[in-house]
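Structure record follows, encoded as structure tokens.
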Amino acid sequence: MKIVVSVIGVVLVAALTLFADAAHECERTCEAGDTRTCYYTFNLQEYHTMSRACFNCPFNTTDCSRPECIAGDGVARPLITINRQLPGPSINVCEGDRVVVDVYNWMLSDTETIHFHGHHMKDFQYYDGVPFVTQCPILGGSFRYNFVTTNSGTLWWHSHSGMLITNH
Ligand SMILES: [Cu+2]
């Protein structure tokens with residue numbers, strides 16, 4: 001039984017590697033004096049698990065790792081994603097890099113803002129993602145977040161608008 005589980009694990013890892021996006025140019029070993037401007041596009045939309053992108057998942061486990069397939073627990077249900085990924089796309093940069101994120105809200109019913117948690121946002125307060133305070137919430141359009149990182153660590157970004165803030 002253990003061997004079967006291991007083989008499935010290897011298949012999943014291989015599939016994940018096969019379909020993984022190429023590393024972003026800003027994902028690198030950090031060196032003093034090497035700061036960059038790092039662009040990202042976040043497409044926010046209503047989506048669902050076990051979509052047609054999953055083909056024959058879970059009966060063919062390789063299909064579960066196809067691009068845009070979110071298998072979840074194997075039950076089809078609605079969810080809101082960025083770039084049809086769960087978890088959403090990561091941003092790997094070095095301290096001192098400028099992070100530019102164009103957020104497009106394709107949802108028809110909800111506004112959105114993004115808060116980049118843990119960043120001090122000194123001199124970049126308009127990109128802190130607080131709806132009606134530092135920016136208008138994004139509705140049927142886009143917003144460009146544009147800030148320089150001034151502190152390091154493992155931080156996270158998350159929704160900061162409407163009911164979606166509840167995952168904070
Ligand atoms: Cu936060």
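The way I read the labels, and the way they are meant: chains A, B, ... in the order of the structure tokens, residue 1 as the first residue of every chain, and ligand 1 as the first ligand shown, with later ones counted on from there.
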
| task | Go through the chains and note each residue within 12 Å of ligand 1, using only C-alpha atoms and all ligand atoms, then give the set as a list of chain:residue names. | result | A:Thr113, A:Ile114, A:His115, A:Phe116, A:His117, A:Gly118, A:His119, A:His120, A:Asp128, A:Gly129, A:Val130, A:Leu155, A:Trp156, A:Trp157, A:His158, A:Ser159, A:His160, A:Ser161, A:Ile165, A:Thr166, A:Asn167, A:His168

For the selection you just gave me, I'd like the residues written to a file as a PDB file, in the first residue's frame, keeping N, CA, C and O atoms.
```pdb
ATOM      1  N   THR A 113     -10.341  45.010  -3.011  1.00  0.00           N
ATOM      2  CA  THR A 113      -9.036  45.641  -2.828  1.00  0.00           C
ATOM      3  C   THR A 113      -8.099  44.550  -2.328  1.00  0.00           C
ATOM      4  O   THR A 113      -8.544  43.523  -1.820  1.00  0.00           O
ATOM      5  N   ILE A 114      -6.831  44.774  -2.475  1.00  0.00           N
ATOM      6  CA  ILE A 114      -5.830  43.816  -2.000  1.00  0.00           C
ATOM      7  C   ILE A 114      -4.948  44.515  -0.963  1.00  0.00           C
ATOM      8  O   ILE A 114      -4.473  45.633  -1.192  1.00  0.00           O
ATOM      9  N   HIS A 115      -4.758  43.844   0.153  1.00  0.00           N
ATOM     10  CA  HIS A 115      -3.866  44.343   1.194  1.00  0.00           C
ATOM     11  C   HIS A 115      -2.625  43.457   1.228  1.00  0.00           C
ATOM     12  O   HIS A 115      -2.748  42.240   1.289  1.00  0.00           O
ATOM     13  N   PHE A 116      -1.487  44.094   1.155  1.00  0.00           N
ATOM     14  CA  PHE A 116      -0.222  43.354   1.199  1.00  0.00           C
ATOM     15  C   PHE A 116       0.242  43.370   2.645  1.00  0.00           C
ATOM     16  O   PHE A 116       0.928  44.293   3.087  1.00  0.00           O
ATOM     17  N   HIS A 117      -0.153  42.353   3.346  1.00  0.00           N
ATOM     18  CA  HIS A 117      -0.021  42.303   4.795  1.00  0.00           C
ATOM     19  C   HIS A 117       1.437  42.289   5.227  1.00  0.00           C
ATOM     20  O   HIS A 117       2.235  41.534   4.693  1.00  0.00           O
ATOM     21  N   GLY A 118       1.743  43.134   6.204  1.00  0.00           N
ATOM     22  CA  GLY A 118       3.085  43.143   6.776  1.00  0.00           C
ATOM     23  C   GLY A 118       4.023  44.162   6.164  1.00  0.00           C
ATOM     24  O   GLY A 118       5.092  44.416   6.705  1.00  0.00           O
ATOM     25  N   HIS A 119       3.629  44.706   5.034  1.00  0.00           N
ATOM     26  CA  HIS A 119       4.460  45.747   4.434  1.00  0.00           C
ATOM     27  C   HIS A 119       4.145  47.071   5.108  1.00  0.00           C
ATOM     28  O   HIS A 119       2.982  47.401   5.334  1.00  0.00           O
ATOM     29  N   HIS A 120       5.166  47.839   5.403  1.00  0.00           N
ATOM     30  CA  HIS A 120       4.962  49.083   6.140  1.00  0.00           C
ATOM     31  C   HIS A 120       4.298  50.160   5.297  1.00  0.00           C
ATOM     32  O   HIS A 120       3.630  51.039   5.817  1.00  0.00           O
ATOM     33  N   ASP A 128      -2.273  50.536   0.222  1.00  0.00           N
ATOM     34  CA  ASP A 128      -2.438  49.670   1.391  1.00  0.00           C
ATOM     35  C   ASP A 128      -3.726  48.838   1.325  1.00  0.00           C
ATOM     36  O   ASP A 128      -3.946  47.968   2.161  1.00  0.00           O
ATOM     37  N   GLY A 129      -4.575  49.144   0.366  1.00  0.00           N
ATOM     38  CA  GLY A 129      -5.733  48.285   0.117  1.00  0.00           C
ATOM     39  C   GLY A 129      -6.913  48.461   1.048  1.00  0.00           C
ATOM     40  O   GLY A 129      -7.721  47.539   1.178  1.00  0.00           O
ATOM     41  N   VAL A 130      -7.035  49.617   1.661  1.00  0.00           N
ATOM     42  CA  VAL A 130      -8.180  49.833   2.551  1.00  0.00           C
ATOM     43  C   VAL A 130      -9.276  50.552   1.770  1.00  0.00           C
ATOM     44  O   VAL A 130      -9.123  51.725   1.431  1.00  0.00           O
ATOM     45  N   LEU A 155       5.518  37.187   3.994  1.00  0.00           N
ATOM     46  CA  LEU A 155       4.317  37.983   4.203  1.00  0.00           C
ATOM     47  C   LEU A 155       3.231  37.432   3.293  1.00  0.00           C
ATOM     48  O   LEU A 155       3.454  36.542   2.490  1.00  0.00           O
ATOM     49  N   TRP A 156       2.052  37.951   3.401  1.00  0.00           N
ATOM     50  CA  TRP A 156       0.983  37.452   2.536  1.00  0.00           C
ATOM     51  C   TRP A 156       0.105  38.605   2.077  1.00  0.00           C
ATOM     52  O   TRP A 156       0.017  39.647   2.722  1.00  0.00           O
ATOM     53  N   TRP A 157      -0.515  38.396   0.939  1.00  0.00           N
ATOM     54  CA  TRP A 157      -1.482  39.375   0.449  1.00  0.00           C
ATOM     55  C   TRP A 157      -2.861  38.740   0.574  1.00  0.00           C
ATOM     56  O   TRP A 157      -3.015  37.520   0.561  1.00  0.00           O
ATOM     57  N   HIS A 158      -3.870  39.573   0.700  1.00  0.00           N
ATOM     58  CA  HIS A 158      -5.221  39.023   0.832  1.00  0.00           C
ATOM     59  C   HIS A 158      -6.256  40.074   0.501  1.00  0.00           C
ATOM     60  O   HIS A 158      -5.965  41.273   0.429  1.00  0.00           O
ATOM     61  N   SER A 159      -7.464  39.599   0.346  1.00  0.00           N
ATOM     62  CA  SER A 159      -8.592  40.480   0.061  1.00  0.00           C
ATOM     63  C   SER A 159      -8.814  41.426   1.229  1.00  0.00           C
ATOM     64  O   SER A 159      -8.581  41.095   2.386  1.00  0.00           O
ATOM     65  N   HIS A 160      -9.301  42.620   0.905  1.00  0.00           N
ATOM     66  CA  HIS A 160      -9.596  43.565   1.990  1.00  0.00           C
ATOM     67  C   HIS A 160     -10.887  44.314   1.703  1.00  0.00           C
ATOM     68  O   HIS A 160     -11.007  45.495   2.011  1.00  0.00           O
ATOM     69  N   SER A 161     -11.832  43.638   1.088  1.00  0.00           N
ATOM     70  CA  SER A 161     -13.068  44.321   0.706  1.00  0.00           C
ATOM     71  C   SER A 161     -14.272  43.406   0.882  1.00  0.00           C
ATOM     72  O   SER A 161     -14.202  42.205   0.582  1.00  0.00           O
ATOM     73  N   ILE A 165     -13.168  39.881   2.916  1.00  0.00           N
ATOM     74  CA  ILE A 165     -12.196  40.206   3.956  1.00  0.00           C
ATOM     75  C   ILE A 165     -12.255  39.193   5.100  1.00  0.00           C
ATOM     76  O   ILE A 165     -11.340  39.088   5.909  1.00  0.00           O
ATOM     77  N   THR A 166     -13.304  38.406   5.152  1.00  0.00           N
ATOM     78  CA  THR A 166     -13.463  37.495   6.276  1.00  0.00           C
ATOM     79  C   THR A 166     -12.408  36.422   6.341  1.00  0.00           C
ATOM     80  O   THR A 166     -12.278  35.739   7.341  1.00  0.00           O
ATOM     81  N   ASN A 167     -11.631  36.246   5.261  1.00  0.00           N
ATOM     82  CA  ASN A 167     -10.549  35.261   5.330  1.00  0.00           C
ATOM     83  C   ASN A 167      -9.277  35.901   5.866  1.00  0.00           C
ATOM     84  O   ASN A 167      -8.209  35.334   5.772  1.00  0.00           O
ATOM     85  N   HIS A 168      -9.390  37.105   6.412  1.00  0.00           N
ATOM     86  CA  HIS A 168      -8.228  37.809   6.948  1.00  0.00           C
ATOM     87  C   HIS A 168      -7.705  37.118   8.194  1.00  0.00           C
ATOM     88  O   HIS A 168      -8.435  36.660   9.008  1.00  0.00           O
TER      89      HIS A 168
END
```

| message | Just list as a PyMOL selection string whatever in stretch 21-164 of chain A DSSP marks as strand (DSSP E or B). | response | chain A and resi 37-48+78-82+85+98-105+112+114-117+131+135+138+142-148+156-159

Output as JSON lines one row per residue of stretch 27-47 of chain A within 6 Å of stretch 76-98 of chain A: the closest atom pair and its distance in Å to one decimal place, counting only C-alpha atoms, sorted by chain and residue number ascending.
```
{"residue": "A:Glu27", "atom": "CA", "partner": "A:Asn92", "partner_atom": "CA", "distance": 5.1}
{"residue": "A:Cys30", "atom": "CA", "partner": "A:Cys94", "partner_atom": "CA", "distance": 5.6}
{"residue": "A:Thr35", "atom": "CA", "partner": "A:Asp97", "partner_atom": "CA", "distance": 4.9}
{"residue": "A:Arg36", "atom": "CA", "partner": "A:Asp97", "partner_atom": "CA", "distance": 4.9}
{"residue": "A:Thr37", "atom": "CA", "partner": "A:Arg98", "partner_atom": "CA", "distance": 4.6}
{"residue": "A:Phe42", "atom": "CA", "partner": "A:Ile82", "partner_atom": "CA", "distance": 5.7}
{"residue": "A:Asn43", "atom": "CA", "partner": "A:Asn83", "partner_atom": "CA", "distance": 5.1}
{"residue": "A:Leu44", "atom": "CA", "partner": "A:Ile82", "partner_atom": "CA", "distance": 4.5}
{"residue": "A:Gln45", "atom": "CA", "partner": "A:Thr81", "partner_atom": "CA", "distance": 5.7}
{"residue": "A:Glu46", "atom": "CA", "partner": "A:Ile80", "partner_atom": "CA", "distance": 4.5}
{"residue": "A:Tyr47", "atom": "CA", "partner": "A:Leu79", "partner_atom": "CA", "distance": 5.4}
```

Please, could you write that set of residues out with all heavy atoms as a short mmCIF file (atom, residue, chain, number, x, y, z; two decimals), in the first residue's frame?
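Written out: part_24.cif:
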```
data_model
loop_
_atom_site.label_atom_id
_atom_site.label_comp_id
_atom_site.auth_asym_id
_atom_site.auth_seq_id
_atom_site.Cartn_x
_atom_site.Cartn_y
_atom_site.Cartn_z
N GLU A 27 12.20 36.35 -8.97
CA GLU A 27 12.45 35.27 -8.01
C GLU A 27 13.91 34.86 -8.18
O GLU A 27 14.27 34.20 -9.15
CB GLU A 27 11.50 34.11 -8.27
CG GLU A 27 11.58 33.05 -7.20
CD GLU A 27 10.52 31.98 -7.38
OE1 GLU A 27 9.58 32.18 -8.17
OE2 GLU A 27 10.66 30.93 -6.74
N CYS A 30 18.86 37.09 -3.53
CA CYS A 30 18.97 38.53 -3.31
C CYS A 30 20.43 38.93 -3.10
O CYS A 30 21.17 38.26 -2.39
CB CYS A 30 18.14 38.93 -2.09
SG CYS A 30 16.38 38.56 -2.31
N THR A 35 18.26 45.70 -7.19
CA THR A 35 16.82 45.89 -6.98
C THR A 35 16.17 46.02 -8.34
O THR A 35 16.74 46.57 -9.28
CB THR A 35 16.52 47.13 -6.12
OG1 THR A 35 17.10 48.28 -6.72
CG2 THR A 35 17.08 46.95 -4.70
N ARG A 36 14.95 45.53 -8.41
CA ARG A 36 14.25 45.47 -9.69
C ARG A 36 12.81 45.96 -9.55
O ARG A 36 12.30 46.07 -8.45
CB ARG A 36 14.25 44.03 -10.23
CG ARG A 36 15.63 43.44 -10.35
CD ARG A 36 15.61 42.03 -10.85
NE ARG A 36 16.96 41.45 -10.86
CZ ARG A 36 17.25 40.24 -11.27
NH1 ARG A 36 16.28 39.45 -11.73
NH2 ARG A 36 18.49 39.79 -11.23
N THR A 37 12.20 46.19 -10.67
CA THR A 37 10.76 46.45 -10.70
C THR A 37 10.09 45.16 -11.16
O THR A 37 10.45 44.61 -12.21
CB THR A 37 10.43 47.61 -11.66
OG1 THR A 37 11.09 48.79 -11.20
CG2 THR A 37 8.93 47.85 -11.72
N PHE A 42 -2.95 40.26 -11.68
CA PHE A 42 -3.90 39.45 -10.91
C PHE A 42 -5.27 39.58 -11.56
O PHE A 42 -5.85 40.66 -11.58
CB PHE A 42 -4.00 39.95 -9.46
CG PHE A 42 -2.88 39.51 -8.55
CD1 PHE A 42 -1.73 38.93 -9.04
CD2 PHE A 42 -2.99 39.69 -7.18
CE1 PHE A 42 -0.69 38.53 -8.20
CE2 PHE A 42 -1.96 39.29 -6.32
CZ PHE A 42 -0.82 38.71 -6.83
N ASN A 43 -5.78 38.49 -12.09
CA ASN A 43 -7.14 38.47 -12.62
C ASN A 43 -8.05 37.83 -11.58
O ASN A 43 -7.94 36.63 -11.32
CB ASN A 43 -7.20 37.70 -13.94
CG ASN A 43 -6.62 38.51 -15.07
OD1 ASN A 43 -7.14 39.56 -15.41
ND2 ASN A 43 -5.53 38.03 -15.65
N LEU A 44 -8.92 38.64 -11.03
CA LEU A 44 -9.81 38.18 -9.96
C LEU A 44 -11.16 37.80 -10.58
O LEU A 44 -11.77 38.60 -11.29
CB LEU A 44 -9.99 39.32 -8.95
CG LEU A 44 -10.97 39.12 -7.82
CD1 LEU A 44 -10.43 38.11 -6.83
CD2 LEU A 44 -11.23 40.45 -7.14
N GLN A 45 -11.60 36.57 -10.31
CA GLN A 45 -12.86 36.16 -10.92
C GLN A 45 -13.53 35.05 -10.12
O GLN A 45 -12.90 34.34 -9.34
CB GLN A 45 -12.63 35.68 -12.34
CG GLN A 45 -11.83 34.39 -12.42
CD GLN A 45 -11.68 33.88 -13.84
OE1 GLN A 45 -10.61 33.50 -14.24
NE2 GLN A 45 -12.77 33.88 -14.60
N GLU A 46 -14.85 34.96 -10.34
CA GLU A 46 -15.58 33.83 -9.80
C GLU A 46 -15.19 32.60 -10.59
O GLU A 46 -15.10 32.64 -11.81
CB GLU A 46 -17.10 34.09 -9.90
CG GLU A 46 -17.56 35.20 -8.98
CD GLU A 46 -18.47 36.22 -9.64
OE1 GLU A 46 -18.55 36.24 -10.88
OE2 GLU A 46 -19.08 37.00 -8.91
N TYR A 47 -14.95 31.52 -9.90
CA TYR A 47 -14.48 30.30 -10.55
C TYR A 47 -15.08 29.13 -9.79
O TYR A 47 -15.95 29.33 -8.92
CB TYR A 47 -12.95 30.28 -10.53
CG TYR A 47 -12.31 29.31 -11.49
CD1 TYR A 47 -12.65 29.28 -12.82
CD2 TYR A 47 -11.33 28.42 -11.03
CE1 TYR A 47 -12.04 28.38 -13.69
CE2 TYR A 47 -10.72 27.53 -11.90
CZ TYR A 47 -11.08 27.51 -13.22
OH TYR A 47 -10.47 26.63 -14.07
#
```

| Looking at only C-alpha atoms, which of A:Leu139, A:Val133, A:Met121, A:Val75 is the one that sits closest to A:Asn105? | A:Leu139

| task | Could you check which of A:Gly140, A:Gly33, A:Ala23, A:Ser51 is closest to A:Leu108, using only C-alpha atoms? | result | A:Gly140

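Note that atom CA of A:Tyr40 and atom CA of A:Cys26 are 10.4 Å apart.
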
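In this model, the gap between atom CA of A:Phe147 and atom CA of A:Cys38 comes to 10.1 Å.
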
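One distance worth recording is that between atom CA of A:Thr150 and atom CA of A:His24, which is 20.0 Å.
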
| Where in chain A does DSSP assign helix (DSSP H, G or I), given as a PyMOL selection string? | chain A and resi 2-19+52-54+61-65+125-127+162-167
